[in-house]
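Following: one structure in structure tokens, then a few remarks.
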There are 4 protein chains.
Amino acid sequence: MTKTLRVGLIGYRFMGRAHSNAWRQAPRFFNLKAKVELHTICGRDAKGVQAARAQLGWEHAATDWRELVESPLIDIVDIGTPTFSHAEMAIAAAQNGKHVLCEKPLGLDLKQCEAMFAAVKKAKVVHMVCHNYRRIPAIALAKRMLAEGALGRIFHFRARYAQDRLADVEFPLDWRLQKETSGSGVHSDINSHIIDLARYLVGEFTEVCGVVNTFVPERPLAASLAKGVRKMGKVTAPDSAVFIGRMENGVLANLEATRYALGRKNQIAIEINGSKGSLCFDFEDMNKLKYYNGDDPKDRQGFRDILVTQRDGIQPYVGNWWPPGHGIGYEHTFIHTIADFVNACVEGKPVHPTFEDGLKNQRVLTAVEESSAKGRWVKL
Amino acid sequence: MTKTLRVGLIGYRFMGRAHSNAWRQAPRFFNLKAKVELHTICGRDAKGVQAARAQLGWEHAATDWRELVESPLIDIVDIGTPTFSHAEMAIAAAQNGKHVLCEKPLGLDLKQCEAMFAAVKKAKVVHMVCHNYRRIPAIALAKRMLAEGALGRIFHFRARYAQDRLADVEFPLDWRLQKETSGSGVHSDINSHIIDLARYLVGEFTEVCGVVNTFVPERPLAASLAKGVRKMGKVTAPDSAVFIGRMENGVLANLEATRYALGRKNQIAIEINGSKGSLCFDFEDMNKLKYYNGDDPKDRQGFRDILVTQRDGIQPYVGNWWPPGHGIGYEHTFIHTIADFVNACVEGKPVHPTFEDGLKNQRVLTAVEESSAKGRWVKL
Amino acid sequence: MTKTLRVGLIGYRFMGRAHSNAWRQAPRFFNLKAKVELHTICGRDAKGVQAARAQLGWEHAATDWRELVESPLIDIVDIGTPTFSHAEMAIAAAQNGKHVLCEKPLGLDLKQCEAMFAAVKKAKVVHMVCHNYRRIPAIALAKRMLAEGALGRIFHFRARYAQDRLADVEFPLDWRLQKETSGSGVHSDINSHIIDLARYLVGEFTEVCGVVNTFVPERPLAASLAKGVRKMGKVTAPDSAVFIGRMENGVLANLEATRYALGRKNQIAIEINGSKGSLCFDFEDMNKLKYYNGDDPKDRQGFRDILVTQRDGIQPYVGNWWPPGHGIGYEHTFIHTIADFVNACVEGKPVHPTFEDGLKNQRVLTAVEESSAKGRWVKL
Amino acid sequence: MTKTLRVGLIGYRFMGRAHSNAWRQAPRFFNLKAKVELHTICGRDAKGVQAARAQLGWEHAATDWRELVESPLIDIVDIGTPTFSHAEMAIAAAQNGKHVLCEKPLGLDLKQCEAMFAAVKKAKVVHMVCHNYRRIPAIALAKRMLAEGALGRIFHFRARYAQDRLADVEFPLDWRLQKETSGSGVHSDINSHIIDLARYLVGEFTEVCGVVNTFVPERPLAASLAKGVRKMGKVTAPDSAVFIGRMENGVLANLEATRYALGRKNQIAIEINGSKGSLCFDFEDMNKLKYYNGDDPKDRQGFRDILVTQRDGIQPYVGNWWPPGHGIGYEHTFIHTIADFVNACVEGKPVHPTFEDGLKNQRVLTAVEESSAKGRWVKL
């Protein structure tokens with residue numbers, strides 16, 4: 001008989017919506033090894049969480065996350081709250097024997113991440129950080145090609161995560177720009193994504209050198225704006241970050257995260273150059289992977305626009321959706337993530353990226369911060 | 001109290017999956033004027049439809065579409081079957097007072113389309129043809145810009161719907177390549193989509209001249225392949241079609257539909273040129289609309305890549321999804337279609353494209369066929 | 001000892017500048033089989049032609065083209081004047097035993113083209129129409145790939161030559177919009193280019209159906225504007241043209257020429273689809289050829305952007321210029337044309353496109369005009 | 001009466017060809033303030049330089065550059081030799097009162113550059129470093145837009161100069177990979193170009209941190225290969241370099257130079273993000289400038305592909321060439337450079353980039369080298 005996994009989700013805003021959708025949709029498009037029950041959604045605001053419950057398709061609503069993580073009715077705890085709360089929730093969930101899926105970045109700092117990884121390891125639960133971009137079909141295809149050696153020796157890894165909302169100096173100060181709630185601001189928030197992709201696709205960083213930066217030091221407080229006044233608050237976390245690095249096997253890395261790139265709405269631009277080929281990707285055109293094959297005949301070499309929408313198992317994940325050329329969107333990356341996570345929970349097997357990946361990611365984030373503070377390279 | 005609309009869907013393959021998903025998802029992302037109940041899914045094969053019911057999220061399964069359209073438990077009949085069956089089903093649904101959403105093309109031929117439109121008009125039900133591409137956000141934005149006059153006098157409408165699966169001569173003969181089941185093959189199947197977009201965006205055709213064509217006259221029968229033999233069957237419907245035309249206000253039109261364009265997986269490439277600006281679109285990059293504004297300063301004019309993912313009501317439909325730059329996919333076009341259809345059913349108002357649009361579309365399809373047969377222009 | 005070919009050029013405006021540049025530059029970058037002497041440039045206005053002589057690098061200036069074509073000091077006559085004058089000049093040149101390079105379109109009409117071809121054949125001189133786009137490196141590479149069979153059976157040929165200057169209704173009436181001087185206006189002027197590319201790359205047309213069209217029937221006379229008044233004149237030649245056709249081996253063709261496509265400055269967009277691959281080209285990005293190879297592994301197929309700038313004989317023509325990635329421009333197509341023409345003159349061998357190609361091109365142009373007048377298909 | 005400037009060019013290989021072409025072509029397309037006489041080309045190999053003289057269009061050939069720079073028959077000395085020889089030649093030329101155009105990078109190191117700048121300043125001659133990319137029309141347009149403030153406050157400058165020939169480990173060791181001849185290898189050779197563009201477009205660097213790197217430490221010696229043996233030599237200069245930096249006004253910079261990016265033939269990819277707009281450029285598509293205008297209506301903002309080919313003074317330089325859409329190529333950047341240099345020589349006015357720019361460029365190059373050696377940030 002098919003097992004049923006009962007899910008409790010904490011958080012109902014942006015990530016809450018994306019995760020809820022994924023929990024609802026995964027069983028419709030993927031042949032999961034367990035049934036999934038959208039048991040309880042949890043948030044601090046009783047009215048808000050009730051509305052979310054109805055809108056997002058959950059059976060129950062709760063306001064106390066501790067009750068949720070302790071409930072014997074829950075098998076999986078999914079954490080979609082701001083960063084500062086991850087550690088406490090994830091550790092409690094693990095201690096209660098729940099499998100844990102946690103939004104990125106894993107924690108506020110190294111200490112939290114270490115404690116979180118220790119907790120899930122000790123509890124022997126399945127753990128995963130929701131770096132959803134690993135499961136963009138184009139990225140999964142890139143991974144497969146890299147694993148096959150299609151690119152040969154890797155020389156360069158280059159990535160930029162660029163958005164533009166902070167280019168408007170009136171964009172209000174929110175939790176993402178404050179140290180206590182976000183850890184390291186834009187650096188934690190989106191550099192963590194491309195660090196994850198670097199590690200996934202190419203390997204570990206060995207040393208880094210960079211800057212975490214704040215272009216606009218004060219912004220109007222969101223709460224004040226809501227009340228019709230304009231009170232300024234201090235931006236205490238970086239709003240941009242750039243670093244270069246060395247990775248295993250001599251790869252040179254160059255990563256940049258910013259919300260000041262006017263016109264870039266959610267650009268995750270990656271380029272990997274190897275001795276046999278190159279790959280490029282941009283999330284704003286997420287159904288494509290660009291590939292240059294150095295072994296093509298010399299007169300007809302060129303970057304190919306691989307439309308990653310082929311069925312019949314030809315390309316990863318995407319075959320479960322629509323016919324070729326009928327692209328998918330942002331939310332599908334969460335569905336793929338949750339499909340793999342569910343199967344791992346059933347099988348009790350690790351599923352990447354694990355909390356250990358989250359911890360290693362944090363080590364890179366922290367090393368860049370240290371480098372920025374000291375003005376020199378930092379080894380990992 | 002919020003009304004509930006009970007839906008019966010006929011068909012559970014490609015379109016059945018896409019429509020089911022849309023019925024499930026529309027209430028999650030759009031503030032509909034009624035609740036939607038996924039009441040019954042219907043298909044001829046009892047086992048198949050039961051599996052689909054579970055997989056696609058319907059309450060009941062049925063094998064006799066006549067029972068469905070007559071059932072007092074059903075408010076909306078959604079038809080997602082092959083073309084030849086549309087007329088009979090839609091007419092019966094209308095006669096039973098159901099609102100009808102019907103897959104494109106509306107019917108096999110003019111006669112069917114006329115009868116269908118007459119039936120829904122007589123029954124005073126809400127009727128809509130599922131030309132889902134009208135509700136791609138980029139197309140909806142294009143429509144708004146055209147309606148505002150942003151392009152001035154229109155000179156050219158140019159569209160190509162190109163796929164590549166028939167370039168493989170071993171691709172089996174299916175219902176889409178047979179006259180009795182598909183009407184006019186690739187011409188009906190995909191030319192109808194770009195005719196619909198031409199009419200929606202620019203206006204009516206006044207005369208056309210074109211060819212419906214068959215590149216490969218025989219193909220292996222799918223049924224025979226399933227049995228491990230290779231028996232050939234005759235392709236009796238066009239597998240490609242090209243036509244030029246004149247539209248209202250002197251617009252020159254050029255439309256092409258083919259499944260022989262290797263590398264084009266689902267290219268719907270449109271270009272509209274007017275005296276003040278131009279627009280371009282390609283479904284393979286569906287979150288973008290290209291726009292050239294002839295009023296920009298002369299030294300900095302150029303086609304803009306508008307990423308149609310802006311929230312806060314800035315761009316149509318897409319604000320109900322994710323933040324800017326977080327694109328959507330193919331299936332969302334159905335969700336937008338069904339959201340608008342549901343609201344129209346509640347309000348008892350027409351919702352484009354109506355069966356009248358389906359009929360007018362068929363007039364163009366038929367005129368092109370006639371032109372092809374006679375080797376000359378045909379007036380509409 | 002190296003032979004010297006003495007050139008006489010008639011015309012010193014747009015084409016005069018482009019041809020002069022090509023005569024000057026060809027020997028600098030190509031190892032020609034003869035020396036080239038820029039002997040005489042000829043134009044009706046004495047002052048204008050003297051200024052052009054100095055600016056463009058010719059030894060002598062002349063005002064009477066008859067003297068030029070009769071002069072024993074001239075070996076090659078290069079005709080860069082408006083269309084209406086080509087026939088008289090080219091025939092006289094041939095009768096005087098000169099090799100003739102003639103701008104496109106070859107003549108005003110079929111009769112002229114026939115007489116021109118007859119004259120050069122009779123005179124046994126080398127003759128070439130200056131369809132310079134054949135010698136864009138990307139087009140020459142496409143030709144080589146097609147000749148090798150890299151695309152398999154060809155299904156579709158699609159081309160559009162689009163500019164935008166006539167979208168401005170104040171753009172003055174010039175010789176290109178008058179029947180007596182241009183033949184068939186935009187149809188002759190730029191459709192002839194893509195007809196030439198169709199014939200070069202894919203083969204002969206067997207029947208065509210199309211329209212030659214005039215969007216704006218009256219325009220201010222250039223001469224009147226110069227005098228500060230605004231007198232209107234009648235546009236007597238088409239300002240746009242669209243046609244579909246059938247070519248040898250069942251290829252479906254679709255060609256369009258317009259100067260009403262706002263934002264398209266000199267778009268020559270071509271797509272060829274075959275059973276094994278597809279090719280695309282756009283002159284506005286002339287150093288690239290897009291290629292889809294149906295034999296690539298299924299998970300990594302995609303249109304390649306071949307940057308056609310490889311040296312060492314890898315790609316045609318371009319190796320004589322700069323290192324890879326250092327692109328060339330419009331004028332280079334003339335240099336390649338003239339380099340090949342010079343070598344053909346030395347060897348006394350035909351060089352494509354010959355006057356026969358010009359004549360065959362005119363047959364297509366004329367058939368489209370006839371089709372437009374009669375509203376039906378016309379066989380070639 | 002029009003002045004004549006007599007030019008002496010030292011070097012006849014890649015840069016010799018490009019400069020010769022520019023000297024020949026500039027007067028044909030630009031209305032220069034002086035006549036230009038291609039007087040003498042100079043190279044060490046008598047046979048080679050004689051062949052070059054004939055091929056490239058010079059009157060005389062010489063083998064001793066000292067005679068050239070001392071000759072009273074020469075007004076301008078143009079230096080197109082490998083880096084190590086620049087200083088000696090340029091200083092001697094200046095001391096002899098010649099105007100000097102010198103290939104980039106200006107010198108081998110800071111000391112040379114300082115001496116060179118001192119010499120031209122003392123001699124009061126006109127001096128220019130041939131950073132030809134400043135005069136790509138798209139870059140000149142970008143400069144104009146930036147000067148107008150069209151981008152507002154600048155946040156990010158990002159550039160990558162990427163080629164791929166060294167990805168082949170068999171590519172031979174040449175002067176560009178040796179310290180004594182090239183200074184700092186790929187860093188000097190191509191990072192200098194994007195440092196120049198950064199300084200030109202955005203401003204001065206205030207501190208930098210980076211690595212100069214060598215991926216492949218040994219390569220076959222070109223000379224040995226010519227003799228049919230394969231003797232390895234040590235790569236003594238960087239073959240790649242990456243650095244981040246801070247510029248005036250708080251701009252964050254990120255620059256990378258490499259010849260290991262397979263598929264990138266001559267990519268000079270630049271992105272500048274400001275509070276009002278963004279600009280992007282890629283030399284492999286050099287006739288385009290991408291521009292995002294934050295002041296466009298919110299629903300139709302997007303990166304524009306400005307085709308920089310407009311005449312009538314609308315866009316810089318390009319109006320002297322061909323009609324809109326008829327692009328230009330690599331060599332034209334030298335023609336524009338030389339046209340401006342000639343006019344500056346006539347007027348005795350400075351012309352950017354001056355030797356002072358070359359010196360400031362070298363300061364950045366040197367600071368990056370120092371940073372790489374010390375593993376920390378270096379102030380400028």
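By order of appearance in the structure tokens: chains A, B, ..., then residues from 1 within every chain, and ligands from 1 in the order shown.
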
### Query
Counting only C-alpha atoms, which residues of chain D come no farther than 7 Å from chain A, as a PyMOL selection string?
chain D and resi 155+167+260-263+273-275+277-278+292+302-303+375-377

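Residues with any atom within 9 Å of segment 194-199 of chain C, counting only C-alpha atoms and excluding same-chain neighbours fewer than 4 positions away, are C:His131, C:Tyr133, C:Arg134, C:Ile139, C:Phe157, C:Arg158, C:Ala159, C:Arg160, C:Tyr161, C:Ile190, C:Gly203, C:Glu204, C:Phe205, C:Met247, C:Ala253, C:Leu255, C:Glu256, C:Ala257, C:Ile268, C:Ile270, C:Pro353, C:Asp357, C:Gly358, C:Lys360, C:Asn361, C:Val364, C:Leu365.
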
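Using only C-alpha atoms, the smallest distance between any of C:Glu180, C:Glu70, C:Asp78, C:Glu37 and Trp58 of chain C comes from C:Glu37.
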
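Between atom CA of Ala147 of chain D and atom CA of Ala118 of chain D there is a distance of 29.1 Å.
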
### Message
Report, in Å to a single decimal, how far apart atom CA of Gln163 of chain A and atom CA of Asn266 of chain A are.
### Response
5.1 Å

### Sel. of strand (DSSP E) residues, segment 238-368 of chain B, as a ChimeraX atom specification
/B:240-247,252-258,267-274,277-282,288-293,302-307

### Task
Assign secondary structure with DSSP using the backbone only, and return the residues of segment 27-229 of chain B in alpha helix (DSSP H) as number ranges by chain.
B: 27-29, 46-56, 65-70, 86-95, 110-123, 137-147, 179-182, 185-186, 192-201, 222-226

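Every protein or nucleic acid residue with an atom no more than 8 Å from Arg219 of chain C, counting only C-alpha atoms and leaving out same-chain residues fewer than 3 positions away, appears here: Val169, Glu170, Phe171, Pro172, Leu173, Val216, Met232, Gly233, Lys234 and Val235 of chain C.
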
What would the file look like if the residues just selected were written as a tab-separated table (two decimals), in the first residue's frame with C-alpha atoms?
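Once written, out38.tsv looks like this:
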chain	number	residue	atom	x	y	z
C	169	VAL	CA	4.95	59.04	-45.20
C	170	GLU	CA	7.12	62.12	-45.69
C	171	PHE	CA	9.97	60.11	-47.15
C	172	PRO	CA	10.24	61.63	-50.61
C	173	LEU	CA	9.40	60.02	-53.91
C	216	VAL	CA	1.25	55.04	-49.66
C	232	MET	CA	3.19	65.57	-54.20
C	233	GLY	CA	3.95	62.95	-56.81
C	234	LYS	CA	2.40	59.61	-57.59
C	235	VAL	CA	4.12	56.44	-56.46

### Shell of 9 Å around segment 307-320 of chain D, only C-alpha atoms, local chain residues under 3 positions omitted, as a PyMOL selection string
(chain B and resi 298-303) or (chain C and resi 263+265+284) or (chain D and resi 29-30+135-138+140-141+286-290+323-328+336)

### Query
What's the 7 Å shell around Leu359 of chain B, counting only C-alpha atoms, without same-chain residues fewer than 6 positions away, as JSON, numbers by chain?
{"B": [110, 113, 114]}

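For Pro238 of chain B, the residues within 10 Å (counting only C-alpha atoms, excluding itself and residues fewer than 5 positions away along the chain) are B:Arg176, B:Leu177, B:Gln178, B:Lys179, B:Ser182, B:Gly183, B:Ser184, B:Gly185, B:Val186, B:His187, B:Ser188, B:Val211, B:Val212, B:Asn213, B:Thr214, B:Phe215, B:Val216, B:Pro217, B:Thr258, B:Glu369.
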
Expected file contents, prior selection, all heavy atoms, as a CSV table (one decimal), in the first residue's frame:
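The resulting out_30.csv:
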chain,number,residue,atom,x,y,z
B,176,ARG,N,-4.6,13.6,-36.2
B,176,ARG,CA,-4.4,15.0,-36.7
B,176,ARG,C,-4.0,15.1,-38.2
B,176,ARG,O,-4.0,16.1,-38.8
B,176,ARG,CB,-3.2,15.6,-35.9
B,176,ARG,CG,-3.6,16.0,-34.5
B,176,ARG,CD,-2.5,16.7,-33.8
B,176,ARG,NE,-2.9,17.3,-32.5
B,176,ARG,CZ,-3.0,16.5,-31.4
B,176,ARG,NH1,-2.7,15.2,-31.4
B,176,ARG,NH2,-3.4,17.1,-30.2
B,177,LEU,N,-3.7,13.9,-38.7
B,177,LEU,CA,-3.3,13.9,-40.2
B,177,LEU,C,-4.4,13.3,-41.0
B,177,LEU,O,-4.2,13.0,-42.2
B,177,LEU,CB,-2.0,13.2,-40.4
B,177,LEU,CG,-0.8,13.9,-39.8
B,177,LEU,CD1,0.5,13.1,-39.8
B,177,LEU,CD2,-0.5,15.2,-40.7
B,178,GLN,N,-5.6,13.1,-40.4
B,178,GLN,CA,-6.7,12.5,-41.2
B,178,GLN,C,-7.8,13.5,-41.3
B,178,GLN,O,-8.2,14.1,-40.3
B,178,GLN,CB,-7.1,11.2,-40.6
B,178,GLN,CG,-5.9,10.2,-40.8
B,178,GLN,CD,-6.2,8.8,-40.1
B,178,GLN,OE1,-6.3,8.8,-38.9
B,178,GLN,NE2,-6.4,7.8,-40.9
B,179,LYS,N,-8.4,13.6,-42.5
B,179,LYS,CA,-9.4,14.6,-42.8
B,179,LYS,C,-10.7,14.4,-41.9
B,179,LYS,O,-11.2,15.4,-41.4
B,179,LYS,CB,-9.8,14.4,-44.2
B,179,LYS,CG,-10.7,15.6,-44.8
B,179,LYS,CD,-11.0,15.4,-46.3
B,179,LYS,CE,-12.0,16.4,-46.7
B,179,LYS,NZ,-11.7,17.8,-46.5
B,182,SER,N,-9.7,15.5,-38.2
B,182,SER,CA,-9.1,16.7,-37.9
B,182,SER,C,-9.6,17.9,-38.7
B,182,SER,O,-9.2,19.0,-38.4
B,182,SER,CB,-7.6,16.6,-38.2
B,182,SER,OG,-7.3,16.7,-39.6
B,183,GLY,N,-10.4,17.6,-39.7
B,183,GLY,CA,-10.8,18.7,-40.6
B,183,GLY,C,-9.7,19.0,-41.6
B,183,GLY,O,-9.6,18.3,-42.6
B,184,SER,N,-8.8,19.9,-41.3
B,184,SER,CA,-7.8,20.2,-42.3
B,184,SER,C,-6.4,20.1,-41.7
B,184,SER,O,-5.5,20.8,-42.0
B,184,SER,CB,-8.1,21.6,-42.9
B,184,SER,OG,-7.2,21.8,-44.0
B,185,GLY,N,-6.2,19.0,-40.9
B,185,GLY,CA,-4.8,18.7,-40.4
B,185,GLY,C,-4.1,19.8,-39.7
B,185,GLY,O,-4.6,20.5,-38.9
B,186,VAL,N,-2.8,20.0,-40.1
B,186,VAL,CA,-2.0,21.0,-39.5
B,186,VAL,C,-2.6,22.4,-39.7
B,186,VAL,O,-2.5,23.3,-38.9
B,186,VAL,CB,-0.6,20.9,-40.1
B,186,VAL,CG1,0.3,22.2,-39.7
B,186,VAL,CG2,0.1,19.7,-39.5
B,187,HIS,N,-3.3,22.6,-40.8
B,187,HIS,CA,-3.9,23.9,-41.1
B,187,HIS,C,-5.0,24.2,-40.0
B,187,HIS,O,-4.9,25.2,-39.4
B,187,HIS,CB,-4.6,23.8,-42.5
B,187,HIS,CG,-5.3,25.0,-43.0
B,187,HIS,ND1,-4.7,26.2,-43.0
B,187,HIS,CD2,-6.5,25.2,-43.5
B,187,HIS,CE1,-5.5,27.1,-43.5
B,187,HIS,NE2,-6.6,26.5,-43.8
B,188,SER,N,-5.9,23.2,-39.8
B,188,SER,CA,-6.9,23.4,-38.7
B,188,SER,C,-6.2,23.5,-37.3
B,188,SER,O,-6.6,24.3,-36.5
B,188,SER,CB,-7.8,22.2,-38.6
B,188,SER,OG,-8.5,22.0,-39.8
B,211,VAL,N,-1.8,27.9,-49.9
B,211,VAL,CA,-1.8,26.5,-50.2
B,211,VAL,C,-1.9,25.7,-48.9
B,211,VAL,O,-1.3,26.0,-47.9
B,211,VAL,CB,-0.4,26.0,-50.9
B,211,VAL,CG1,-0.4,26.4,-52.3
B,211,VAL,CG2,0.8,26.6,-50.2
B,212,VAL,N,-2.7,24.6,-49.0
B,212,VAL,CA,-2.5,23.6,-48.0
B,212,VAL,C,-1.8,22.5,-48.7
B,212,VAL,O,-2.1,22.2,-49.8
B,212,VAL,CB,-3.9,23.2,-47.4
B,212,VAL,CG1,-4.6,24.3,-46.7
B,212,VAL,CG2,-4.8,22.6,-48.5
B,213,ASN,N,-0.9,21.9,-48.0
B,213,ASN,CA,0.2,21.1,-48.6
B,213,ASN,C,0.4,19.8,-47.9
B,213,ASN,O,0.3,19.8,-46.6
B,213,ASN,CB,1.5,22.0,-48.6
B,213,ASN,CG,2.7,21.3,-49.3
B,213,ASN,OD1,2.7,21.1,-50.5
B,213,ASN,ND2,3.6,20.9,-48.4
B,214,THR,N,0.9,18.8,-48.6
B,214,THR,CA,1.3,17.6,-47.9
B,214,THR,C,2.7,17.2,-48.4
B,214,THR,O,2.8,16.8,-49.5
B,214,THR,CB,0.3,16.4,-48.1
B,214,THR,OG1,-1.0,16.9,-47.8
B,214,THR,CG2,0.6,15.2,-47.3
B,215,PHE,N,3.6,17.3,-47.5
B,215,PHE,CA,5.0,16.9,-47.9
B,215,PHE,C,5.2,15.4,-47.9
B,215,PHE,O,5.9,14.9,-48.8
B,215,PHE,CB,6.0,17.5,-46.9
B,215,PHE,CG,6.3,19.0,-47.0
B,215,PHE,CD1,6.0,19.9,-46.0
B,215,PHE,CD2,6.9,19.4,-48.2
B,215,PHE,CE1,6.3,21.2,-46.2
B,215,PHE,CE2,7.2,20.8,-48.4
B,215,PHE,CZ,6.9,21.7,-47.3
B,216,VAL,N,4.6,14.7,-47.0
B,216,VAL,CA,4.8,13.3,-46.9
B,216,VAL,C,3.5,12.6,-46.9
B,216,VAL,O,2.7,12.6,-46.0
B,216,VAL,CB,5.6,12.9,-45.5
B,216,VAL,CG1,5.7,11.4,-45.4
B,216,VAL,CG2,6.9,13.6,-45.5
B,217,PRO,N,3.2,11.9,-48.0
B,217,PRO,CA,1.8,11.5,-48.3
B,217,PRO,C,1.4,10.2,-47.6
B,217,PRO,O,0.2,9.9,-47.4
B,217,PRO,CB,1.8,11.3,-49.8
B,217,PRO,CG,3.2,11.1,-50.2
B,217,PRO,CD,4.0,11.8,-49.2
B,258,THR,N,3.5,24.9,-40.0
B,258,THR,CA,4.2,23.7,-40.5
B,258,THR,C,4.7,22.9,-39.3
B,258,THR,O,4.9,23.4,-38.2
B,258,THR,CB,5.4,24.1,-41.3
B,258,THR,OG1,6.1,22.9,-41.8
B,258,THR,CG2,6.5,24.9,-40.5
B,369,GLU,N,-8.3,26.9,-47.9
B,369,GLU,CA,-8.5,25.6,-48.5
B,369,GLU,C,-9.0,25.7,-49.9
B,369,GLU,O,-8.6,25.1,-50.9
B,369,GLU,CB,-9.4,24.6,-47.7
B,369,GLU,CG,-8.8,24.2,-46.4
B,369,GLU,CD,-9.7,23.3,-45.6
B,369,GLU,OE1,-9.8,22.1,-45.9
B,369,GLU,OE2,-10.5,23.9,-44.8

### Query
atom CA of Phe341 of chain A and atom CA of Cys102 of chain A, how far apart in Å?
11.2 Å
